[in-house]
$ cat final_4.cif   # mmCIF, C-alpha atoms and all ligand atoms
data_structure
loop_
_atom_site.label_atom_id
_atom_site.label_comp_id
_atom_site.auth_asym_id
_atom_site.auth_seq_id
_atom_site.Cartn_x
_atom_site.Cartn_y
_atom_site.Cartn_z
CA MET A 48 59.18 -73.28 70.02
CA LYS A 49 57.55 -73.15 66.59
CA GLY A 50 54.44 -71.20 65.66
CA LEU A 51 54.17 -68.74 68.54
CA THR A 52 55.40 -65.52 66.91
CA ASN A 53 52.75 -62.78 66.91
CA LYS A 54 50.14 -65.03 68.51
CA VAL A 55 47.76 -63.29 70.92
CA VAL A 56 47.95 -65.02 74.30
CA PHE A 57 45.56 -64.33 77.19
CA ILE A 58 46.62 -65.66 80.60
CA THR A 59 44.58 -65.39 83.78
CA GLY A 60 46.72 -64.74 86.86
CA GLY A 61 50.01 -63.72 85.25
CA SER A 62 51.43 -61.32 87.83
CA ARG A 63 53.48 -63.96 89.68
CA GLY A 64 54.00 -67.68 90.16
CA ILE A 65 53.26 -70.17 87.42
CA GLY A 66 51.27 -67.67 85.35
CA ALA A 67 54.19 -65.23 85.23
CA ALA A 68 56.55 -68.01 84.15
CA ILE A 69 54.13 -68.96 81.37
CA ALA A 70 53.86 -65.32 80.28
CA ASN A 71 57.67 -65.01 80.12
CA ARG A 72 57.97 -68.07 77.88
CA PHE A 73 55.34 -66.80 75.45
CA ALA A 74 56.91 -63.34 75.31
CA ALA A 75 60.33 -64.89 74.68
CA ALA A 76 58.76 -66.81 71.79
CA GLY A 77 57.46 -63.58 70.24
CA SER A 78 53.81 -63.69 71.29
CA THR A 79 51.68 -60.74 72.38
CA VAL A 80 50.82 -61.43 76.04
CA ILE A 81 47.82 -60.07 77.91
CA PHE A 82 47.46 -61.23 81.49
CA THR A 83 45.12 -60.62 84.38
CA TYR A 84 45.77 -60.23 88.08
CA ALA A 85 43.59 -59.67 91.11
CA LYS A 86 45.39 -57.48 93.63
CA SER A 87 49.14 -57.10 93.15
CA SER A 88 49.15 -54.04 90.87
CA HIS A 89 52.78 -53.13 91.46
CA ARG A 90 54.04 -56.59 90.55
CA ALA A 91 51.72 -56.75 87.58
CA MET A 92 53.19 -53.51 86.24
CA GLU A 93 56.73 -54.84 86.74
CA GLN A 94 55.75 -58.04 84.97
CA GLU A 95 54.22 -56.08 82.07
CA GLU A 96 57.50 -54.18 81.66
CA LYS A 97 59.48 -57.42 81.79
CA LEU A 98 57.35 -58.89 79.00
CA LYS A 99 57.79 -55.77 76.88
CA SER A 100 61.55 -56.09 77.29
CA PHE A 101 61.31 -59.15 75.03
CA GLY A 102 60.22 -56.73 72.27
CA VAL A 103 56.57 -57.85 72.24
CA LYS A 104 53.27 -56.19 73.09
CA ALA A 105 52.11 -56.89 76.62
CA MET A 106 49.34 -55.66 78.90
CA ALA A 107 48.27 -56.34 82.47
CA ILE A 108 44.57 -56.10 83.32
CA GLN A 109 43.21 -56.02 86.85
CA VAL A 110 40.16 -58.28 86.84
CA ASP A 111 38.94 -60.61 89.55
CA SER A 112 38.29 -64.01 87.98
CA ALA A 113 35.35 -64.39 90.37
CA ASP A 114 33.60 -61.57 88.51
CA SER A 115 32.32 -63.26 85.34
CA VAL A 116 31.05 -60.09 83.72
CA ALA A 117 34.34 -58.28 84.31
CA LEU A 118 36.28 -61.23 82.88
CA GLN A 119 34.06 -61.33 79.78
CA THR A 120 34.52 -57.59 79.33
CA ALA A 121 38.31 -57.87 79.69
CA ILE A 122 38.41 -60.54 76.99
CA SER A 123 36.11 -58.58 74.70
CA ASN A 124 38.27 -55.45 75.12
CA THR A 125 41.41 -57.50 74.46
CA ILE A 126 39.97 -58.80 71.20
CA ASP A 127 38.99 -55.26 70.16
CA GLN A 128 42.51 -54.00 70.88
CA PHE A 129 44.76 -56.89 69.81
CA GLY A 130 42.57 -59.10 67.60
CA PRO A 131 41.17 -62.59 68.26
CA ILE A 132 42.85 -64.55 71.02
CA ASP A 133 44.91 -67.46 69.66
CA ILE A 134 45.90 -69.03 72.97
CA LEU A 135 43.99 -68.94 76.26
CA VAL A 136 45.72 -70.11 79.44
CA ASN A 137 43.31 -70.51 82.36
CA ASN A 138 45.83 -70.29 85.18
CA ALA A 139 44.43 -68.13 88.02
CA GLY A 140 43.45 -70.20 91.00
CA ILE A 141 43.23 -70.26 94.77
CA TYR A 142 44.01 -73.02 97.25
CA PRO A 143 41.58 -73.04 100.14
CA SER A 144 42.27 -75.53 102.91
CA GLY A 145 40.72 -76.37 106.24
CA ASP A 146 38.47 -78.78 108.06
CA PHE A 147 35.45 -79.95 106.10
CA ALA A 148 33.10 -79.00 108.95
CA ASP A 149 34.35 -75.40 108.84
CA ILE A 150 33.88 -74.81 105.11
CA THR A 151 31.28 -72.11 104.52
CA LEU A 152 29.03 -71.77 101.49
CA GLU A 153 30.78 -68.46 100.80
CA ALA A 154 34.13 -70.29 100.63
CA PHE A 155 32.57 -72.89 98.35
CA ASP A 156 31.27 -70.19 96.00
CA GLU A 157 34.60 -68.36 95.98
CA VAL A 158 36.69 -71.36 94.97
CA MET A 159 34.17 -72.55 92.40
CA ASN A 160 33.92 -69.06 90.90
CA ILE A 161 37.69 -68.65 90.55
CA ASN A 162 38.87 -72.21 89.87
CA VAL A 163 35.93 -73.44 87.78
CA LYS A 164 33.44 -70.81 86.61
CA ALA A 165 36.17 -68.45 85.37
CA VAL A 166 37.63 -71.27 83.25
CA PHE A 167 34.23 -71.77 81.65
CA THR A 168 33.64 -68.03 81.29
CA ALA A 169 36.99 -67.22 79.69
CA SER A 170 36.85 -70.22 77.35
CA HIS A 171 33.31 -69.34 76.32
CA ALA A 172 34.31 -65.74 75.65
CA VAL A 173 37.33 -66.56 73.46
CA VAL A 174 36.04 -69.41 71.29
CA LYS A 175 33.56 -67.38 69.29
CA LYS A 176 36.39 -65.53 67.57
CA MET A 177 39.22 -68.03 68.01
CA ALA A 178 40.70 -69.07 64.66
CA GLU A 179 41.69 -72.53 63.45
CA GLY A 180 44.82 -73.66 65.28
CA GLY A 181 43.73 -72.02 68.54
CA ARG A 182 44.63 -73.41 71.94
CA ILE A 183 42.84 -73.54 75.28
CA ILE A 184 45.07 -74.75 78.12
CA SER A 185 43.88 -74.86 81.72
CA ILE A 186 45.99 -75.33 84.83
CA GLY A 187 44.49 -77.96 87.11
CA SER A 188 46.30 -79.87 89.83
CA ASN A 189 47.60 -83.37 90.50
CA LEU A 190 45.32 -83.17 93.57
CA ALA A 191 42.39 -83.74 91.19
CA ASP A 192 43.53 -87.37 91.01
CA ILE A 193 44.78 -88.02 94.54
CA THR A 194 44.21 -86.54 97.96
CA VAL A 195 47.10 -86.56 100.40
CA SER A 196 45.35 -84.87 103.29
CA ASP A 197 41.81 -84.31 104.48
CA ASP A 198 41.86 -80.53 104.24
CA SER A 199 41.95 -79.86 100.51
CA ILE A 200 38.50 -81.18 99.63
CA LEU A 201 37.23 -78.02 97.94
CA TYR A 202 40.44 -77.58 95.97
CA SER A 203 40.45 -81.16 94.66
CA MET A 204 36.76 -80.88 93.82
CA SER A 205 37.31 -77.69 91.85
CA LYS A 206 40.31 -78.99 89.91
CA SER A 207 38.68 -82.31 89.00
CA ALA A 208 35.82 -80.37 87.38
CA LEU A 209 38.35 -79.17 84.79
CA GLN A 210 38.94 -82.73 83.59
CA GLY A 211 35.38 -83.18 82.35
CA PHE A 212 35.29 -79.66 80.94
CA THR A 213 38.51 -80.25 78.98
CA LYS A 214 37.30 -83.49 77.40
CA GLY A 215 33.94 -82.08 76.38
CA LEU A 216 35.29 -78.82 75.03
CA ALA A 217 38.01 -80.64 73.06
CA ARG A 218 35.29 -82.54 71.19
CA ALA A 219 33.28 -79.38 70.60
CA MET A 220 36.32 -77.50 69.26
CA GLY A 221 37.84 -80.34 67.23
CA PRO A 222 36.06 -79.44 63.98
CA LYS A 223 37.63 -75.95 64.23
CA LYS A 224 41.08 -77.51 64.82
CA ILE A 225 41.27 -75.85 68.23
CA THR A 226 42.91 -78.01 70.89
CA VAL A 227 41.88 -78.07 74.54
CA ASN A 228 44.08 -79.54 77.24
CA LEU A 229 44.57 -79.65 80.99
CA VAL A 230 47.98 -79.39 82.68
CA GLN A 231 48.07 -80.70 86.25
CA PRO A 232 51.10 -79.49 88.20
CA GLY A 233 52.33 -81.10 91.36
CA PRO A 234 54.25 -79.13 94.00
CA ILE A 235 55.63 -75.97 92.40
CA ASP A 236 57.58 -73.42 94.42
CA THR A 237 55.36 -70.32 94.44
CA GLU A 238 53.70 -68.15 97.06
CA MET A 239 50.75 -70.55 96.95
CA ASN A 240 52.99 -73.49 97.86
CA PRO A 241 56.42 -72.46 99.21
CA SER A 242 59.07 -75.17 99.20
CA ASP A 243 60.44 -74.41 102.70
CA THR A 244 57.61 -75.53 104.98
CA PRO A 245 56.78 -78.76 106.88
CA TRP A 246 53.97 -79.28 104.36
CA ALA A 247 56.57 -79.13 101.56
CA ASP A 248 58.68 -81.74 103.36
CA PHE A 249 55.63 -83.99 103.54
CA LEU A 250 54.91 -83.53 99.83
CA ARG A 251 58.51 -84.28 98.89
CA SER A 252 58.24 -87.54 100.83
CA ARG A 253 55.45 -88.56 98.43
CA MET A 254 57.32 -87.86 95.21
CA ALA A 255 59.39 -90.04 92.89
CA LEU A 256 61.65 -87.03 92.31
CA PRO A 257 61.74 -85.58 95.83
CA GLU A 258 61.98 -81.94 94.85
CA TYR A 259 59.69 -79.05 94.06
CA GLY A 260 59.24 -77.95 90.46
CA THR A 261 59.47 -74.39 89.18
CA GLY A 262 56.97 -72.29 87.30
CA ASP A 263 59.25 -72.63 84.31
CA ASP A 264 58.85 -76.43 84.39
CA ILE A 265 55.12 -75.94 83.89
CA ALA A 266 55.60 -73.14 81.36
CA GLY A 267 57.72 -75.41 79.17
CA LEU A 268 54.87 -77.89 78.83
CA VAL A 269 52.29 -75.16 78.25
CA VAL A 270 54.22 -73.54 75.40
CA PHE A 271 54.82 -76.95 73.83
CA LEU A 272 51.06 -77.63 73.83
CA ALA A 273 50.49 -74.17 72.38
CA SER A 274 53.12 -74.53 69.66
CA SER A 275 52.60 -76.10 66.27
CA GLU A 276 54.30 -79.23 67.64
CA GLY A 277 51.36 -79.76 69.99
CA LYS A 278 48.70 -79.74 67.28
CA TYR A 279 47.67 -83.39 67.66
CA ILE A 280 47.31 -83.30 71.45
CA THR A 281 43.79 -82.55 72.59
CA GLY A 282 41.22 -83.54 75.19
CA THR A 283 43.87 -84.84 77.53
CA THR A 284 45.27 -84.27 80.97
CA LEU A 285 49.03 -83.99 81.40
CA THR A 286 50.24 -84.37 84.97
CA ILE A 287 53.64 -82.82 85.69
CA ASP A 288 54.30 -83.53 89.34
CA GLY A 289 57.74 -85.03 89.89
CA GLY A 290 56.09 -88.42 90.07
CA MET A 291 53.94 -87.59 93.08
CA ASN A 292 50.96 -89.45 91.61
CA ALA A 293 53.07 -92.38 90.40
P1 LIG B 301 50.10 -68.01 93.14
O1 LIG B 301 49.20 -67.83 94.30
O2 LIG B 301 51.57 -67.99 93.34
O3 LIG B 301 49.72 -66.95 91.99
C1 LIG B 301 48.36 -66.84 91.64
C2 LIG B 301 48.19 -65.92 90.46
O4 LIG B 301 46.79 -65.90 90.16
C3 LIG B 301 48.57 -64.48 90.76
O5 LIG B 301 48.96 -63.87 89.56
C4 LIG B 301 47.27 -63.89 91.27
O6 LIG B 301 47.13 -62.50 91.11
C5 LIG B 301 46.27 -64.60 90.37
N1 LIG B 301 44.95 -64.69 90.98
C6 LIG B 301 44.61 -65.28 92.14
N2 LIG B 301 43.29 -65.10 92.37
C7 LIG B 301 42.81 -64.40 91.32
C8 LIG B 301 41.56 -63.88 90.98
N3 LIG B 301 40.48 -64.04 91.79
N4 LIG B 301 41.42 -63.19 89.83
C9 LIG B 301 42.49 -62.98 89.01
N5 LIG B 301 43.71 -63.43 89.29
C10 LIG B 301 43.88 -64.13 90.43
O7 LIG B 301 49.67 -69.41 92.52
P2 LIG B 301 50.48 -70.44 91.61
O8 LIG B 301 51.26 -69.73 90.60
O9 LIG B 301 51.16 -71.40 92.50
O10 LIG B 301 49.26 -71.24 90.93
C11 LIG B 301 48.82 -70.98 89.61
C12 LIG B 301 47.86 -72.09 89.22
O11 LIG B 301 48.51 -73.36 89.34
C13 LIG B 301 46.62 -72.16 90.10
O12 LIG B 301 45.49 -72.51 89.32
C14 LIG B 301 46.95 -73.30 91.06
O13 LIG B 301 45.80 -73.91 91.58
C15 LIG B 301 47.74 -74.21 90.16
N6 LIG B 301 48.62 -75.13 90.86
C16 LIG B 301 49.66 -74.70 91.64
C17 LIG B 301 50.46 -75.61 92.28
C18 LIG B 301 51.61 -75.21 93.15
O14 LIG B 301 52.19 -76.11 93.82
N7 LIG B 301 52.02 -73.95 93.18
C19 LIG B 301 50.22 -77.06 92.16
C20 LIG B 301 49.10 -77.41 91.32
C21 LIG B 301 48.35 -76.47 90.71
P3 LIG B 301 47.59 -61.46 92.29
O15 LIG B 301 49.09 -61.42 92.22
O16 LIG B 301 46.96 -60.16 91.93
O17 LIG B 301 47.09 -62.01 93.58
#

$ encode --input "final_4.cif" --output "structure tokens"
Amino acid sequence: MKGLTNKVVFITGGSRGIGAAIANRFAAAGSTVIFTYAKSSHRAMEQEEKLKSFGVKAMAIQVDSADSVALQTAISNTIDQFGPIDILVNNAGIYPSGDFADITLEAFDEVMNINVKAVFTASHAVVKKMAEGGRIISIGSNLADITVSDDSILYSMSKSALQGFTKGLARAMGPKKITVNLVQPGPIDTEMNPSDTPWADFLRSRMALPEYGTGDDIAGLVVFLASSEGKYITGTTLTIDGGMNA
């Protein structure tokens, strides 16, 4: 992919799953990759070593996306150490589910802090020093556009907030030639959504291509948007869901 060598990429939630697949693609393309994680220190260290094996600089940072000040500080420290961030990937997210009547205000705050506020916080922290040609790519969900069960209300609500944010920020960043886009995966085989459960069987029954995607499927789209070939794509939502929303 063109135009990714020596770019500084910051990915939230890169220790495993989709975020790790995205990190691998950027490292393979020659980018410096800094990623955050919340809890899985051992896996984050393994992932950092894997990225370095591509011959690039890489660093894992433990920072809870729910902690806005810590996230701002991590980004500020990254800029001091590696230079301005060229590409931000807002990937970290959680999937709460349950009956509407049982949702607590604490659960509401947690999902909004991680899935929404952290996207705002990280984007806000990078744009001040982001150069022309920069990229902001957030990972939403196809469940922002459809609901297939009655127990993912908070999740759908949080991911649909990213649609409005993406459109508005794309307009604000256009004069600086920074693009802002939203990628909405469908079912992807990760620890958040394993492909070998009854729920997975149900999701497959809703899809045009009745199979789960991989983190690498999503990573391919993300690096395309980040590359020089993606320079005219901004303010849009790209759903990559095996036709589940078709
Ligand atoms: P996983 O649960 O497999 O991985 C989540 C990653 O995010 C891990 O690296 C985890 O770190 C990190 N993370 C979670 N919470 C926090 C936090 N509070 N602060 C910092 N990092 C955190 O999820 P996926 O890879 O499946 O999902 C990635 C994104 O894609 C999410 O935004 C999700 O909503 C979205 N998505 C996923 C779909 C799927 O089917 N898998 C479908 C549609 C969207 P740690 O290892 O330390 O816990």

$ residues_near_ligand --input "final_4.cif" --ligand "ligand LIG 301 (chain B)" --cutoff "7 Å" --atoms "all atoms listed in the file" --output "NGL selection string"
:A and (59-67 or 83-88 or 110-113 or 138-142 or 161-162 or 186-189 or 231-240)

$ closest_residue --input "final_4.cif" --among "A:Arg182, A:Lys99, A:Lys206, A:Lys214" --to "Thr194 (chain A)" --atoms "only C-alpha atoms"
A:Lys206

$ closest_residue --input "final_4.cif" --among "A:Ile287, A:Val270, A:Ala91, A:Ala148" --to "Gly77 (chain A)" --atoms "all atoms listed in the file"
A:Val270

$ closest_residue --input "final_4.cif" --among "A:Glu96, A:Asp133, A:Asp114, A:Asp263" --to "Glu179 (chain A)" --atoms "all atoms listed in the file"
A:Asp133

$ closest_residue --input "final_4.cif" --among "A:Ser115, A:Ile183, A:Gly145, A:Glu157" --to "Phe57 (chain A)" --atoms "all atoms listed in the file"
A:Ile183

$ axis_aligned_box --input "final_4.cif" --around "region 164-167 of chain A" --padding-each-side "8 Å" --output "AutoDock Vina command-line options"
--center_x 35.5 --center_y -70.1 --center_z 84.1 --size_x 20.2 --size_y 19.3 --size_z 21.0

$ residues_around --input "final_4.cif" --residues "Ala76 (chain A)" --least-positions-apart "3" --cutoff "10 Å" --atoms "all atoms listed in the file" --output "list in words"
Met48, Lys49, Gly50, Leu51, Thr52, Asn53, Lys54, Ala70, Asn71, Arg72, Phe73, Thr79, Phe101, Val103, Val270 and Ser274 of chain A

$ atom_distance --input "final_4.cif" --atom1 "CA of Ser144 (chain A)" --atom2 "CA of Gly262 (chain A)"
21.7 Å

$ residues_around --input "final_4.cif" --residues "Asn292 (chain A)" --least-positions-apart "2" --cutoff "8 Å" --atoms "all atoms listed in the file" --output "PyMOL selection string"
chain A and resi 189+192-193+254+288+290

$ closest_residue --input "final_4.cif" --among "A:Leu209, A:Met204, A:Ile132, A:Met291" --to "Lys175 (chain A)" --atoms "only C-alpha atoms"
A:Ile132

$ atom_distance --input "final_4.cif" --atom1 "CA of Leu201 (chain A)" --atom2 "CA of Val163 (chain A)"
11.2 Å

$ residues_around --input "final_4.cif" --residues "region 120-123 of chain A" --least-positions-apart "2" --cutoff "9 Å" --atoms "only C-alpha atoms" --output "mmCIF file with C-alpha atoms, keeping the file's coordinate frame"
data_model
loop_
_atom_site.group_PDB
_atom_site.id
_atom_site.type_symbol
_atom_site.label_atom_id
_atom_site.label_comp_id
_atom_site.auth_asym_id
_atom_site.auth_seq_id
_atom_site.Cartn_x
_atom_site.Cartn_y
_atom_site.Cartn_z
ATOM 1 C CA PHE A 57 45.560 -64.330 77.190
ATOM 2 C CA THR A 83 45.120 -60.620 84.380
ATOM 3 C CA ILE A 108 44.570 -56.100 83.320
ATOM 4 C CA GLN A 109 43.210 -56.020 86.850
ATOM 5 C CA VAL A 110 40.160 -58.280 86.840
ATOM 6 C CA SER A 115 32.320 -63.260 85.340
ATOM 7 C CA VAL A 116 31.050 -60.090 83.720
ATOM 8 C CA ALA A 117 34.340 -58.280 84.310
ATOM 9 C CA LEU A 118 36.280 -61.230 82.880
ATOM 10 C CA THR A 125 41.410 -57.500 74.460
ATOM 11 C CA ILE A 126 39.970 -58.800 71.200
ATOM 12 C CA ASP A 127 38.990 -55.260 70.160
ATOM 13 C CA GLN A 128 42.510 -54.000 70.880
ATOM 14 C CA ILE A 132 42.850 -64.550 71.020
ATOM 15 C CA ALA A 169 36.990 -67.220 79.690
ATOM 16 C CA ALA A 172 34.310 -65.740 75.650
ATOM 17 C CA VAL A 173 37.330 -66.560 73.460
#

$ residues_around --input "final_4.cif" --residues "Val195 (chain A)" --least-positions-apart "6" --cutoff "10 Å" --atoms "only C-alpha atoms" --output "list in words"
Phe249, Leu250 and Arg253 of chain A
